[in-house]
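Below: one structure, written as structure tokens.
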Amino acid sequence: MWRYLELLPIAREENIVSIGEGWTPLVKTKMLGTKLGAKNLYVKNDYAMPTLSFKDRGASCAVSKALELGLKTIALVSSGNQGSSFAAYSARAGIKCVVFVPELIPSEKLAQIAIYGPKLAKVRATVDQARILLEKACSELGVTPLNTSFLRSYYKEGMKTLAFELCEQFDWNPPDWVLIPSGSGTSLLGVQKGFDEVKRLGLIEHCPKLVAVQTQAAQAIVERFSGTSLSTPQFSKTVATALFIREPVELELVVKAIEDSKGTAVAVKEDTILQAQKDLARFEGIFAEPSGAIVIGAVAELIDHGVVDADEKIVCVISGAGLKDVKSARIGVPEPPTLGPSIQELQEIIIS
């Protein structure tokens with residue numbers, strides 16, 4: 001992503017903290033697009049990153065700026081992916097990292113964060129509650145929390161490179177729609193900023209319409225955008241754990257960014273999320289975690305309701321890899337049979 005250095009807020013190239021992030025694959029779907037009724041459906045496989053998440057864009061830029069400014073410690077609350085990214089890039093930069101995670105975090109994500117060696121702890125609270133606690137504590141502990149507008153702004157600067165890449169990959173004729181998994185919506189803000197900057201530079205004639213895709217268990221963006229309370233308090237958890245944020249810090253800014261792009265916001269049902277994960281893997285060979293595959297679950301609904309035209313170019317941003325949450329991937333998938341050393345048993349499996 002550092003091919004766009006001139007458009008990023010790092011003053012000196014030697015301060016760049018990189019592990020090879022960016023320039024991820026753009027794949028035009030075949031069978032999946034047909035199944036969903038979309039003639040021009042693309043997948044931006046943005047988990048093809050060093051820590052298997054698109055958060056690496058934001059972490060690379062934010063940690064680079066932290067290094068440039070001489071910060072000694074970064075602290076954050078994360079449901080998993082952001083914690084992994086910041087732990088990895090902080091390790092690369094030699095900056096101390098403190099990560100608090102909720103108890104519901106998948107074990108795979110917890111192990112990934114831990115291997116980078118940050119100060120790590122589980123918190124008996126939601127991500128939203130833990131974030132408020134961290135912000136209060138940081139003033140006394142002398143660390144810089146990611147959740148402040150200061151570091152978060154540099155995170156968004158890194159995320160805007162996703163927009164730069166899409167413009168370049170589409171030969172400066174960007175798609176009509178871009179669907180983004182959204183918990184807090186901060187990544188969407190970065191992408192929106194990226195498209196806006198490229199347009200102001202005169203490199204594209206139009207910006208895509210942005211769609212914030214949320215889980216029904218946490219759909220604050222959808223509610224505020226629609227102006228309707230759609231809360232479903234019976235959902236106390238979701239398979240899309242990375243998106244389980246009920247109090248986005250920049251909610252008003254996210255809604256304005258969607259409105260400015262003439263986009264929309266949708267919430268996806270739990271069973272639809274799991275089906276989307278299977279369809280993406282079985283039709284296109286891309287194994288995403290539920291929070292990444294959720295955008296696939298929104299496509300058919302947007303077309304069926306006449307929001308998106310079937311002929312328009314649609315890009316689904318896949319944010320996290322399936323190996324980050326193996327337990328969810330096993331839901332509804334039968335265990336394979338165990339065979340003896342028998343040709344007959346093998347034949348039965350092959351021809352069944």
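Quick note on naming: the chains in the structure tokens go A, B, ... in the order shown, residues restart at 1 in each chain, and ligands are numbered from 1 in order of appearance.
Every residue of segment 191-225 of chain A with a DSSP assignment of alpha helix (DSSP H), taken from the backbone, is listed as Val191, Gln192, Lys193, Gly194, Phe195, Asp196, Glu197, Val198, Lys199, Arg200, Ala220, Ile221, Val222, Glu223, Arg224 and Phe225 of chain A.
Note that DSSP on the backbone gives strand (DSSP E) to these residues of segment 270-329 of chain A: Lys313, Ile314, Val315, Cys316, Val317 and Ile318 of chain A.
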Residue selection dump (C-alpha atoms) as a short mmCIF file (atom, residue, chain, number, x, y, z; two decimals), in the first residue's frame:
data_model
loop_
_atom_site.label_atom_id
_atom_site.label_comp_id
_atom_site.auth_asym_id
_atom_site.auth_seq_id
_atom_site.Cartn_x
_atom_site.Cartn_y
_atom_site.Cartn_z
CA LYS A 313 -20.60 -3.21 -10.72
CA ILE A 314 -20.58 -4.37 -7.09
CA VAL A 315 -17.50 -4.95 -4.93
CA CYS A 316 -17.71 -6.92 -1.69
CA VAL A 317 -14.77 -6.21 0.62
CA ILE A 318 -13.77 -9.37 2.50
#
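Each of A:Tyr116, A:Phe225, A:Trp23, A:Tyr42 was checked against Val211 of chain A using only C-alpha atoms; the smallest atom-to-atom distance is that of A:Phe225.
The shortest atom-to-atom distance to Ala62 of chain A, with only C-alpha atoms taken into account, belongs to A:Tyr155 out of A:Tyr155, A:Phe86, A:Trp2, A:Phe150.
The gap separating atom CA of Asp46 of chain A from atom CA of Cys167 of chain A is 14.6 Å, in Å to one decimal.
Going from atom CA of Gln347 of chain A over to atom CA of Gly285 of chain A, you cover 25.4 Å.
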Could you list, as a PyMOL selection string, every residue within 7 Å of Ser79 of chain A, counting only C-alpha atoms and ignoring same-chain residues fewer than 3 positions away?
chain A and resi 101-102+105+127+241-242
Counting only C-alpha atoms, the residue among A:Gly185, A:Gly322, A:Gly202, A:Gly33 that lies closest to Asn45 of chain A is A:Gly322
Residues within 12 Å of Ala125 of chain A, only C-alpha atoms, excluding chain neighbours under 4 positions, as a PyMOL selection string
chain A and resi 77-79+100-105+121+129-134+245
I'd like the neighbourhood of Thr272 of chain A as a count of residues only, where a residue qualifies if any of its atoms comes within 8 Å (using only C-alpha atoms), though same-chain residues fewer than 3 positions away should be ignored.
6
